[in-house]
$ cat model35.tsv   # TSV, C-alpha atoms
chain	number	residue	atom	x	y	z
A	1	MET	CA	88.67	52.59	63.95
A	2	SER	CA	88.52	52.64	67.74
A	3	ASN	CA	88.21	49.31	69.53
A	4	GLY	CA	86.35	50.82	72.48
A	5	PRO	CA	86.50	53.56	75.09
A	6	GLY	CA	89.84	54.06	76.85
A	7	PRO	CA	90.39	53.90	80.60
A	8	SER	CA	88.52	56.50	82.67
A	9	ARG	CA	90.23	59.24	84.64
A	10	TRP	CA	89.66	57.32	87.86
A	11	ASP	CA	91.29	54.22	86.37
A	12	ARG	CA	94.35	56.32	85.59
A	13	VAL	CA	94.48	58.01	89.00
A	14	TRP	CA	94.05	55.31	91.66
A	15	PRO	CA	97.18	53.28	90.74
A	16	VAL	CA	99.32	56.43	91.14
A	17	LEU	CA	98.04	57.61	94.56
A	18	PRO	CA	100.03	55.13	96.71
A	19	TYR	CA	103.29	56.43	95.23
A	20	LEU	CA	102.43	59.98	96.30
A	21	PHE	CA	101.08	59.11	99.76
A	22	ILE	CA	104.05	56.87	100.53
A	23	LEU	CA	106.99	58.62	98.83
A	24	LEU	CA	106.18	62.17	100.05
A	25	PRO	CA	106.12	61.33	103.80
A	26	ALA	CA	109.10	59.02	103.25
A	27	GLY	CA	111.16	61.88	101.81
A	28	ALA	CA	110.23	64.19	104.70
A	29	SER	CA	110.95	61.51	107.29
A	30	LEU	CA	114.33	60.57	105.83
A	31	LEU	CA	115.38	64.22	105.64
A	32	GLN	CA	114.65	64.60	109.34
A	33	HIS	CA	115.94	61.22	110.54
A	34	TRP	CA	117.88	58.93	108.22
A	35	ARG	CA	116.87	55.34	108.92
A	36	LEU	CA	117.66	52.31	106.85
A	37	ASP	CA	114.48	50.49	107.89
A	38	THR	CA	112.36	53.46	106.75
A	39	LEU	CA	114.04	53.40	103.35
A	40	ALA	CA	113.73	49.62	103.05
A	41	LEU	CA	110.02	49.56	104.01
A	42	THR	CA	109.29	52.46	101.67
A	43	LEU	CA	110.99	50.77	98.72
A	44	PHE	CA	109.26	47.49	99.56
A	45	ALA	CA	105.80	49.11	99.72
A	46	VAL	CA	106.31	50.99	96.47
A	47	GLY	CA	107.77	47.92	94.72
A	48	TRP	CA	105.00	45.68	96.01
A	49	HIS	CA	102.32	48.08	94.75
A	50	TRP	CA	104.01	48.44	91.35
A	51	GLY	CA	104.55	44.70	90.92
A	52	MET	CA	100.94	43.79	91.72
A	53	VAL	CA	99.20	46.62	89.85
A	54	ALA	CA	101.43	46.88	86.78
A	55	THR	CA	101.17	43.14	86.06
A	56	GLY	CA	97.39	43.15	86.48
A	57	TRP	CA	97.40	40.42	89.13
A	58	VAL	CA	95.48	42.69	91.45
A	59	ARG	CA	92.36	42.19	89.28
A	60	LYS	CA	91.96	38.70	90.75
A	61	PRO	CA	89.91	38.87	94.01
A	62	ALA	CA	92.11	36.50	96.03
A	63	VAL	CA	95.33	38.19	94.90
A	64	ALA	CA	93.77	41.62	95.62
A	65	VAL	CA	93.17	40.64	99.26
A	66	VAL	CA	96.77	39.45	99.66
A	67	TYR	CA	98.04	42.62	97.97
A	68	PHE	CA	96.02	44.84	100.29
A	69	VAL	CA	97.03	42.97	103.48
A	70	VAL	CA	100.75	43.17	102.63
A	71	LEU	CA	100.53	46.85	101.62
A	72	LEU	CA	98.62	47.70	104.81
A	73	ALA	CA	101.20	45.86	106.92
A	74	ALA	CA	104.00	47.85	105.30
A	75	ILE	CA	102.13	51.14	105.88
A	76	GLY	CA	101.48	50.13	109.52
A	77	ALA	CA	105.16	49.43	110.05
A	78	LEU	CA	106.06	52.82	108.56
A	79	VAL	CA	103.51	54.58	110.80
A	80	SER	CA	105.05	52.89	113.83
A	81	ILE	CA	108.44	54.28	112.80
A	82	ASP	CA	107.26	57.82	112.02
A	83	SER	CA	103.77	59.32	112.45
A	84	LEU	CA	104.30	61.27	109.22
A	85	PHE	CA	103.32	58.08	107.39
A	86	THR	CA	99.80	58.49	108.73
A	87	VAL	CA	99.13	60.46	105.54
A	88	ALA	CA	99.55	57.15	103.67
A	89	GLY	CA	96.27	56.08	105.28
A	90	PRO	CA	94.08	57.74	102.58
A	91	ALA	CA	96.01	55.76	99.96
A	92	ALA	CA	95.08	52.54	101.75
A	93	PHE	CA	91.45	53.68	102.07
A	94	ILE	CA	91.27	54.38	98.33
A	95	GLN	CA	93.00	51.11	97.42
A	96	SER	CA	90.48	49.16	99.47
A	97	PHE	CA	87.63	50.49	97.34
A	98	ALA	CA	89.66	50.30	94.13
A	99	VAL	CA	90.79	46.66	94.31
A	100	LEU	CA	88.77	44.80	96.97
A	101	PRO	CA	85.49	43.19	95.88
A	102	ARG	CA	82.21	44.62	97.19
A	103	TRP	CA	81.84	44.48	100.97
A	104	TRP	CA	85.46	43.46	101.41
A	105	ALA	CA	86.24	47.11	100.72
A	106	TYR	CA	84.57	48.17	103.99
A	107	ALA	CA	86.50	45.46	105.86
A	108	GLY	CA	89.65	46.95	104.35
A	109	VAL	CA	88.60	50.42	105.58
A	110	MET	CA	88.09	49.12	109.12
A	111	ALA	CA	91.43	47.30	109.02
A	112	THR	CA	93.20	50.44	107.74
A	113	ALA	CA	91.62	52.62	110.45
A	114	GLY	CA	92.59	50.05	113.09
A	115	VAL	CA	96.19	49.93	111.89
A	116	LEU	CA	96.52	53.74	111.75
A	117	VAL	CA	95.07	54.24	115.23
A	118	SER	CA	96.94	51.37	116.88
A	119	MET	CA	100.33	51.89	115.24
A	120	ARG	CA	100.49	55.62	115.79
A	121	SER	CA	102.53	56.15	118.96
A	122	GLU	CA	100.86	58.85	121.07
A	123	PRO	CA	101.46	58.23	124.78
A	124	GLY	CA	98.71	59.24	127.15
A	125	ARG	CA	95.73	58.44	124.86
A	126	SER	CA	92.99	56.55	126.63
A	127	PRO	CA	91.25	53.52	125.09
A	128	GLY	CA	88.13	55.65	124.65
A	129	GLN	CA	90.05	58.20	122.60
A	130	LEU	CA	91.57	55.43	120.51
A	131	LEU	CA	88.10	53.96	119.89
A	132	TYR	CA	86.73	57.38	119.03
A	133	SER	CA	89.56	58.01	116.57
A	134	PHE	CA	89.00	54.56	115.07
A	135	LEU	CA	85.24	55.14	114.58
A	136	VAL	CA	85.77	58.62	113.11
A	137	ALA	CA	88.38	57.28	110.72
A	138	VAL	CA	86.12	54.41	109.68
A	139	LEU	CA	83.09	56.71	109.21
A	140	VAL	CA	84.95	59.34	107.18
A	141	ALA	CA	86.82	56.78	105.09
A	142	SER	CA	83.66	54.77	104.45
A	143	ALA	CA	81.73	57.87	103.36
A	144	ILE	CA	84.54	58.95	101.06
A	145	GLY	CA	84.98	55.41	99.81
A	146	PHE	CA	81.26	55.08	99.11
A	147	VAL	CA	81.37	58.23	96.99
A	148	VAL	CA	84.51	57.01	95.23
A	149	GLN	CA	82.99	53.60	94.58
A	150	THR	CA	79.77	55.15	93.28
A	151	ILE	CA	81.73	57.34	90.89
A	152	SER	CA	83.80	54.35	89.81
A	153	ASN	CA	80.66	52.29	89.16
A	154	GLN	CA	79.15	55.14	87.19
A	155	ASN	CA	82.31	55.45	85.17
A	156	GLU	CA	82.30	51.71	84.49
A	157	SER	CA	78.63	51.84	83.48
A	158	ARG	CA	79.35	54.79	81.23
A	159	ARG	CA	82.29	53.02	79.69
A	160	MET	CA	80.19	49.90	79.05
A	161	MET	CA	77.44	52.04	77.56
A	162	ILE	CA	79.92	53.78	75.27
A	163	ALA	CA	81.34	50.40	74.25
A	164	GLN	CA	77.83	49.13	73.51
A	165	LEU	CA	77.04	52.27	71.52
A	166	GLN	CA	80.22	51.87	69.52
A	167	GLU	CA	79.43	48.20	68.92
A	168	THR	CA	75.88	49.11	67.90
A	169	GLY	CA	77.21	51.84	65.63
A	170	ALA	CA	79.60	49.36	64.03
A	171	LYS	CA	76.76	46.89	63.52
A	172	LEU	CA	74.55	49.61	62.02
A	173	ALA	CA	77.37	50.62	59.70
A	174	ALA	CA	77.81	46.99	58.67
A	175	LEU	CA	74.06	46.65	58.13
A	176	ALA	CA	74.00	49.85	56.09
A	177	GLU	CA	76.83	48.51	53.92
A	178	GLU	CA	75.05	45.16	53.59
A	179	ASN	CA	71.80	46.93	52.66
A	180	ALA	CA	73.64	48.95	50.06
A	181	ASN	CA	75.09	45.75	48.59
A	182	LEU	CA	71.64	44.12	48.65
A	183	GLN	CA	70.10	47.14	46.95
A	184	ALA	CA	72.77	46.96	44.27
A	185	GLN	CA	72.09	43.25	43.81
A	186	LEU	CA	68.33	43.85	43.70
A	187	LEU	CA	68.82	46.59	41.12
A	188	THR	CA	70.95	44.26	39.00
A	189	GLN	CA	68.43	41.44	39.37
A	190	SER	CA	65.56	43.81	38.63
A	191	ARG	CA	67.24	44.93	35.43
A	192	ALA	CA	67.91	41.30	34.46
A	193	ALA	CA	64.31	40.37	35.30
A	194	GLY	CA	63.07	43.29	33.23
A	195	VAL	CA	65.16	42.20	30.26
A	196	LEU	CA	63.98	38.59	30.64
A	197	ASP	CA	60.35	39.67	30.99
A	198	GLU	CA	60.60	41.81	27.88
A	199	ARG	CA	62.19	38.92	25.97
A	200	GLN	CA	59.38	36.60	27.09
A	201	ARG	CA	56.80	39.19	26.11
A	202	MET	CA	58.29	39.58	22.67
A	203	ALA	CA	58.49	35.79	22.29
A	204	ARG	CA	54.81	35.47	23.20
A	205	GLU	CA	53.81	38.31	20.88
A	206	ILE	CA	55.83	36.88	17.98
A	207	HIS	CA	54.33	33.46	18.58
A	208	ASP	CA	50.80	34.85	18.87
A	209	THR	CA	51.06	37.09	15.78
A	210	ILE	CA	53.74	36.28	13.24
A	211	ALA	CA	53.95	32.54	13.96
A	212	GLN	CA	50.18	32.05	13.95
A	213	GLY	CA	49.78	34.22	10.86
A	214	LEU	CA	52.48	32.34	8.98
A	215	THR	CA	50.93	29.01	9.98
A	216	ALA	CA	47.54	30.14	8.67
A	217	ILE	CA	49.12	31.45	5.48
A	218	VAL	CA	50.91	28.14	4.87
A	219	THR	CA	47.63	26.29	5.45
A	220	GLN	CA	45.80	28.50	2.94
A	221	ILE	CA	48.56	28.15	0.33
A	222	GLU	CA	48.50	24.37	0.65
A	223	ALA	CA	44.72	24.43	0.23
A	224	ALA	CA	45.08	26.72	-2.81
A	225	GLU	CA	47.55	24.31	-4.41
A	226	GLU	CA	44.96	21.56	-4.16
A	227	GLU	CA	42.38	23.83	-5.85
A	228	LEU	CA	44.44	25.13	-8.76
A	229	ASP	CA	41.90	23.75	-11.24
A	230	ASP	CA	39.22	25.91	-9.58
A	231	VAL	CA	40.39	29.45	-10.29
A	232	ALA	CA	37.69	31.09	-8.17
A	233	ALA	CA	38.46	28.91	-5.16
A	234	ALA	CA	42.21	29.43	-5.55
A	235	ARG	CA	41.70	33.19	-5.87
A	236	ALA	CA	39.59	33.15	-2.66
A	237	ARG	CA	42.41	31.33	-0.88
A	238	LEU	CA	44.93	33.91	-2.09
A	239	ASP	CA	42.69	36.74	-0.88
A	240	THR	CA	42.62	35.06	2.50
A	241	VAL	CA	46.42	34.76	2.43
A	242	ARG	CA	46.69	38.46	1.60
A	243	THR	CA	44.38	39.39	4.48
A	244	LEU	CA	46.23	37.15	6.92
A	245	ALA	CA	49.59	38.61	5.91
A	246	ARG	CA	48.37	42.18	6.37
A	247	ASP	CA	46.77	41.39	9.72
A	248	SER	CA	49.92	39.62	10.92
A	249	LEU	CA	52.07	42.57	9.86
A	250	LYS	CA	49.82	44.98	11.74
A	251	GLU	CA	49.87	42.80	14.86
A	252	ALA	CA	53.67	42.50	14.71
A	253	ARG	CA	53.98	46.29	14.59
A	254	ARG	CA	51.55	46.72	17.47
A	255	SER	CA	53.43	44.12	19.53
A	256	VAL	CA	56.74	45.92	19.02
A	257	GLN	CA	55.05	49.16	20.13
A	258	ALA	CA	53.38	47.31	23.08
A	259	LEU	CA	49.90	48.47	21.95
A	260	ARG	CA	46.56	46.75	22.43
A	261	PRO	CA	45.84	43.96	19.93
A	262	ALA	CA	44.05	45.22	16.83
A	263	PRO	CA	40.74	43.45	17.60
A	264	LEU	CA	40.58	45.33	20.92
A	265	ALA	CA	41.44	48.73	19.47
A	266	GLY	CA	37.84	49.75	18.93
A	267	SER	CA	35.70	47.15	20.68
A	268	GLN	CA	35.21	45.34	23.98
A	269	LEU	CA	36.53	41.87	24.74
A	270	PRO	CA	33.43	39.81	23.72
A	271	ALA	CA	33.28	41.47	20.30
A	272	ALA	CA	37.05	41.08	19.86
A	273	VAL	CA	36.93	37.36	20.73
A	274	GLN	CA	33.94	36.91	18.41
A	275	ASP	CA	35.87	38.61	15.59
A	276	VAL	CA	38.87	36.32	16.14
A	277	ALA	CA	36.58	33.26	16.19
A	278	ASP	CA	34.79	34.34	13.00
A	279	LYS	CA	38.06	34.85	11.11
A	280	TRP	CA	39.33	31.50	12.37
A	281	THR	CA	36.11	29.81	11.19
A	282	ARG	CA	36.41	31.37	7.73
A	283	ALA	CA	40.00	30.16	7.50
A	284	THR	CA	39.44	26.62	8.77
A	285	GLY	CA	35.78	25.97	8.06
A	286	VAL	CA	35.28	24.75	11.63
A	287	PRO	CA	32.41	26.37	13.61
A	288	ALA	CA	33.58	28.27	16.72
A	289	PRO	CA	30.57	29.89	18.42
A	290	LEU	CA	31.08	32.20	21.42
A	291	SER	CA	28.84	32.30	24.49
A	292	VAL	CA	29.01	35.19	26.97
A	293	THR	CA	27.64	34.83	30.50
A	294	GLY	CA	27.42	37.42	33.22
A	295	ASP	CA	27.59	41.18	32.94
A	296	ALA	CA	30.13	42.06	30.25
A	297	ARG	CA	32.04	45.18	31.28
A	298	PRO	CA	35.26	46.98	30.32
A	299	LEU	CA	38.34	45.51	31.98
A	300	HIS	CA	41.94	46.54	32.35
A	301	PRO	CA	43.68	46.46	28.94
A	302	GLU	CA	46.18	43.87	30.12
A	303	VAL	CA	43.36	41.55	31.26
A	304	GLU	CA	41.50	41.82	27.96
A	305	ALA	CA	44.68	41.42	25.91
A	306	THR	CA	45.64	38.30	27.88
A	307	LEU	CA	42.27	36.61	27.34
A	308	LEU	CA	42.23	37.55	23.65
A	309	ARG	CA	45.72	36.11	23.12
A	310	VAL	CA	44.70	32.93	24.94
A	311	ALA	CA	41.67	32.60	22.63
A	312	GLN	CA	43.88	33.13	19.55
A	313	GLU	CA	46.48	30.60	20.72
A	314	ALA	CA	43.86	28.04	21.72
A	315	LEU	CA	42.19	28.25	18.29
A	316	ALA	CA	45.59	28.07	16.56
A	317	ASN	CA	46.39	24.88	18.50
A	318	VAL	CA	43.03	23.37	17.52
A	319	ALA	CA	43.74	24.10	13.86
A	320	LYS	CA	47.25	22.60	14.02
A	321	HIS	CA	46.74	19.56	16.21
A	322	ALA	CA	43.13	18.71	17.06
A	323	SER	CA	41.44	17.88	13.72
A	324	ALA	CA	38.26	19.03	15.45
A	325	GLY	CA	34.81	19.30	13.90
A	326	ARG	CA	33.55	21.88	16.37
A	327	VAL	CA	34.93	24.36	18.89
A	328	ALA	CA	33.02	26.18	21.61
A	329	LEU	CA	34.21	29.34	23.38
A	330	THR	CA	32.67	30.63	26.61
A	331	LEU	CA	33.45	33.97	28.21
A	332	SER	CA	32.13	34.19	31.80
A	333	TYR	CA	32.06	37.47	33.69
A	334	MET	CA	31.89	36.91	37.45
A	335	GLU	CA	32.17	39.27	40.39
A	336	ASP	CA	35.92	38.94	40.96
A	337	VAL	CA	37.21	36.98	37.96
A	338	VAL	CA	36.70	36.48	34.25
A	339	VAL	CA	36.94	32.96	32.80
A	340	LEU	CA	37.62	31.98	29.20
A	341	ASP	CA	36.87	28.36	28.26
A	342	VAL	CA	37.81	26.89	24.87
A	343	ARG	CA	36.73	23.29	24.17
A	344	ASP	CA	37.00	21.16	21.05
A	345	ASP	CA	35.95	17.64	20.02
A	346	GLY	CA	39.28	16.83	18.42
A	347	ALA	CA	41.98	14.21	18.92
A	348	GLY	CA	43.05	15.31	22.39
A	349	PHE	CA	46.40	14.52	24.01
A	350	THR	CA	48.03	13.59	27.30
A	351	PRO	CA	48.41	16.79	29.38
A	352	SER	CA	51.59	15.52	31.03
A	353	GLY	CA	53.43	16.33	27.82
A	354	GLU	CA	52.19	19.90	27.65
A	355	ALA	CA	55.51	21.42	28.65
A	356	SER	CA	56.93	20.73	25.20
A	357	GLY	CA	54.55	23.09	23.41
A	358	PHE	CA	55.45	26.77	23.45
A	359	GLY	CA	51.85	27.75	22.78
A	360	LEU	CA	50.62	26.17	26.01
A	361	ILE	CA	53.61	27.59	27.88
A	362	SER	CA	52.87	31.05	26.44
A	363	MET	CA	49.22	30.88	27.50
A	364	ARG	CA	50.14	29.77	31.01
A	365	GLN	CA	52.76	32.53	31.34
A	366	ARG	CA	50.27	35.17	30.23
A	367	VAL	CA	47.65	34.04	32.74
A	368	THR	CA	49.95	33.50	35.72
A	369	ARG	CA	51.57	36.88	35.05
A	370	LEU	CA	48.22	38.37	36.12
A	371	ALA	CA	48.01	36.10	39.18
A	372	GLY	CA	45.45	33.98	37.34
A	373	ASP	CA	44.91	30.25	36.93
A	374	PHE	CA	45.36	28.16	33.78
A	375	GLN	CA	43.97	24.63	33.51
A	376	ILE	CA	44.02	21.98	30.76
A	377	GLU	CA	41.68	19.01	30.47
A	378	SER	CA	42.37	16.50	27.70
A	379	ALA	CA	42.74	12.84	26.90
A	380	PRO	CA	43.54	11.00	23.66
A	381	GLY	CA	40.39	10.80	21.54
A	382	GLU	CA	38.30	12.89	23.95
A	383	GLY	CA	38.99	16.42	22.83
A	384	THR	CA	40.64	19.24	24.75
A	385	GLY	CA	39.45	21.97	27.05
A	386	ILE	CA	41.43	24.88	28.39
A	387	SER	CA	40.31	27.31	31.07
A	388	ALA	CA	41.94	30.69	31.78
A	389	THR	CA	40.84	32.52	34.92
A	390	VAL	CA	42.12	36.04	35.58
A	391	PRO	CA	41.16	38.76	38.07
A	392	ALA	CA	38.37	41.03	36.84
A	393	ILE	CA	40.39	44.24	37.18
A	394	PRO	CA	38.20	47.11	36.00
A	395	ALA	CA	39.34	49.48	33.30
A	396	GLU	CA	40.95	52.69	34.51

$ encode --input "model35.tsv" --output "structure tokens"
Amino acid sequence: MSNGPGPSRWDRVWPVLPYLFILLPAGASLLQHWRLDTLALTLFAVGWHWGMVATGWVRKPAVAVVYFVVLLAAIGALVSIDSLFTVAGPAAFIQSFAVLPRWWAYAGVMATAGVLVSMRSEPGRSPGQLLYSFLVAVLVASAIGFVVQTISNQNESRRMMIAQLQETGAKLAALAEENANLQAQLLTQSRAAGVLDERQRMAREIHDTIAQGLTAIVTQIEAAEEELDDVAAARARLDTVRTLARDSLKEARRSVQALRPAPLAGSQLPAAVQDVADKWTRATGVPAPLSVTGDARPLHPEVEATLLRVAQEALANVAKHASAGRVALTLSYMEDVVVLDVRDDGAGFTPSGEASGFGLISMRQRVTRLAGDFQIESAPGEGTGISATVPAIPAE
């Protein structure tokens, strides 16, 4: 994986130019006139440039100024020895824009032009000609330097942009990998949640069908044992046991197949709740009238099944715990919600201990699963009232 864009072509070229512009005229000059000072100054200029650029010291502004002044002095000395070294002037112009900060580059251009004009020995040139040569050199070098600097800035901007794009691409790749991991985790959690939800559903269905049916059967058998001397009464109890067992078996099968409860199979919710209340009254002997308020209308199957199961569980709890003499059920159809109230005049209890009963937990889970509200009002000796409020989602 790349760490970023490499150096631009300009960054590779400018450090090499002084070697060419100094060594080429040096070779020509030494071939014509061998001079030890020419060789020494040439080696010094080349070594100075290599030592400052290769080590990276030239990147510091203060060091860059010292580097340029010393290099320009060496080039000026070479020009004074042989005018062939005037061709080293472009190298100094380029170096001024390559290493000097901002407007210092133009000061370096003016200094280079001044050195080239003043150190070049041409007898007979008037001060006006020298000034003219100086201005032309400064103008041409500044124009070329401005273009070079603009290109260099563009290259730097392009390099930064490429680096940012690469960094952004790396971040996007990391985000994509993180999203993939999150999706995998969500899929795993979703599967686990689905398994847990199905287990809770089956637990509620078993509790609301088999458990309630078995409880009612045990109650009827105990009552039949007390009435063994009365054959007709005992037979009636056994018939009730038989009916409860069959109904519980049917409900268990429907729960496994995730079908609507049997009372809702061919009737609307009020009739189904009334049927459950009537059967409960026949089994317990406790009156459980149903009142319906509002405009009864078909609702989503899940809504009706939830309210029916709550009614069944509430009545089962009354039979097991309340010792009530009367139970009242109210089914209220409102504009946005449907409310089922079940109240008894039994023993009551302290609601703070409700968490221990699976029946109450099951009812709350069913209601909250539909984004509804489940409330309990009770006190010892004052009866119990439960209220289940669910959204009135219309039937499809």

$ residues_around --input "model35.tsv" --residues "Lys60 in chain A" --least-positions-apart "6" --cutoff "12 Å" --atoms "all atoms listed in the file" --output "ChimeraX atom specification"
/A:52-53,66-67,99-101

$ closest_residue --input "model35.tsv" --among "A:Ala113, A:Val303, A:Val16, A:Ile393" --to "Val367 in chain A" --atoms "only C-alpha atoms"
A:Val303

$ residues_around --input "model35.tsv" --residues "Val390 in chain A" --least-positions-apart "5" --cutoff "10 Å" --atoms "all atoms listed in the file" --output "list in words"
Val303, Glu304, Thr306, Leu307, Asp336, Val337, Val338, Val339, Leu340, Arg366, Val367, Thr368, Arg369, Leu370, Ala371, Gly372, Asp373 and Phe374 of chain A

$ atom_distance --input "model35.tsv" --atom1 "CA of Leu36 in chain A" --atom2 "CA of Gly89 in chain A"
21.8 Å

$ residues_around --input "model35.tsv" --residues "Ile376 in chain A" --least-positions-apart "6" --cutoff "8 Å" --atoms "all atoms listed in the file" --output "list in words"
Pro351, Thr384, Gly385, Ile386 and Ser387 of chain A

$ write_last_selection --input "model35.tsv" --atoms "C-alpha atoms" --output "compact mmCIF listing (two decimals), in the frame of the given file"
# COMPACT_ATOMS: atom_id res chain seq x y z
CA PRO A 351 48.41 16.79 29.38
CA THR A 384 40.64 19.24 24.75
CA GLY A 385 39.45 21.97 27.05
CA ILE A 386 41.43 24.88 28.39
CA SER A 387 40.31 27.31 31.07

$ closest_residue --input "model35.tsv" --among "A:Met334, A:Ala316, A:Leu360, A:Ile75" --to "Asp295 in chain A" --atoms "only C-alpha atoms"
A:Met334

$ closest_residue --input "model35.tsv" --among "A:Val63, A:Ala170, A:Leu84, A:Leu72" --to "Gln32 in chain A" --atoms "all atoms listed in the file"
A:Leu84

$ residues_around --input "model35.tsv" --residues "range 23-27 of chain A" --least-positions-apart "5" --cutoff "12 Å" --atoms "all atoms listed in the file" --output "PyMOL selection string"
chain A and resi 16-18+32-47+75+78-79+81-89+91

$ atom_distance --input "model35.tsv" --atom1 "CA of Thr215 in chain A" --atom2 "CA of Asp344 in chain A"
19.4 Å

$ residues_around --input "model35.tsv" --residues "range 265-280 of chain A" --least-positions-apart "5" --cutoff "8 Å" --atoms "all atoms listed in the file" --output "list in words"
Arg260, Gly285, Val286, Ala288, Pro289, Leu290, Val292, Ala296, Arg297, Pro298, Glu304, Leu308, Ala311, Gln312, Leu315 and Leu331 of chain A

$ write_last_selection --input "model35.tsv" --atoms "C-alpha atoms" --output "PDB file, in the coordinates of the input"
ATOM      1  CA  ARG A 260      46.560  46.750  22.430  1.00  0.00           C
ATOM      2  CA  GLY A 285      35.780  25.970   8.060  1.00  0.00           C
ATOM      3  CA  VAL A 286      35.280  24.750  11.630  1.00  0.00           C
ATOM      4  CA  ALA A 288      33.580  28.270  16.720  1.00  0.00           C
ATOM      5  CA  PRO A 289      30.570  29.890  18.420  1.00  0.00           C
ATOM      6  CA  LEU A 290      31.080  32.200  21.420  1.00  0.00           C
ATOM      7  CA  VAL A 292      29.010  35.190  26.970  1.00  0.00           C
ATOM      8  CA  ALA A 296      30.130  42.060  30.250  1.00  0.00           C
ATOM      9  CA  ARG A 297      32.040  45.180  31.280  1.00  0.00           C
ATOM     10  CA  PRO A 298      35.260  46.980  30.320  1.00  0.00           C
ATOM     11  CA  GLU A 304      41.500  41.820  27.960  1.00  0.00           C
ATOM     12  CA  LEU A 308      42.230  37.550  23.650  1.00  0.00           C
ATOM     13  CA  ALA A 311      41.670  32.600  22.630  1.00  0.00           C
ATOM     14  CA  GLN A 312      43.880  33.130  19.550  1.00  0.00           C
ATOM     15  CA  LEU A 315      42.190  28.250  18.290  1.00  0.00           C
ATOM     16  CA  LEU A 331      33.450  33.970  28.210  1.00  0.00           C
TER      17      LEU A 331
END

$ atom_distance --input "model35.tsv" --atom1 "CA of Gly294 in chain A" --atom2 "CA of Ser332 in chain A"
5.9 Å

$ closest_residue --input "model35.tsv" --among "A:His49, A:Arg159, A:Lys320, A:Arg309" --to "Arg364 in chain A" --atoms "all atoms listed in the file"
A:Arg309

$ closest_residue --input "model35.tsv" --among "A:Ala234, A:Leu264, A:Met363, A:Val241" --to "Asn317 in chain A" --atoms "all atoms listed in the file"
A:Met363
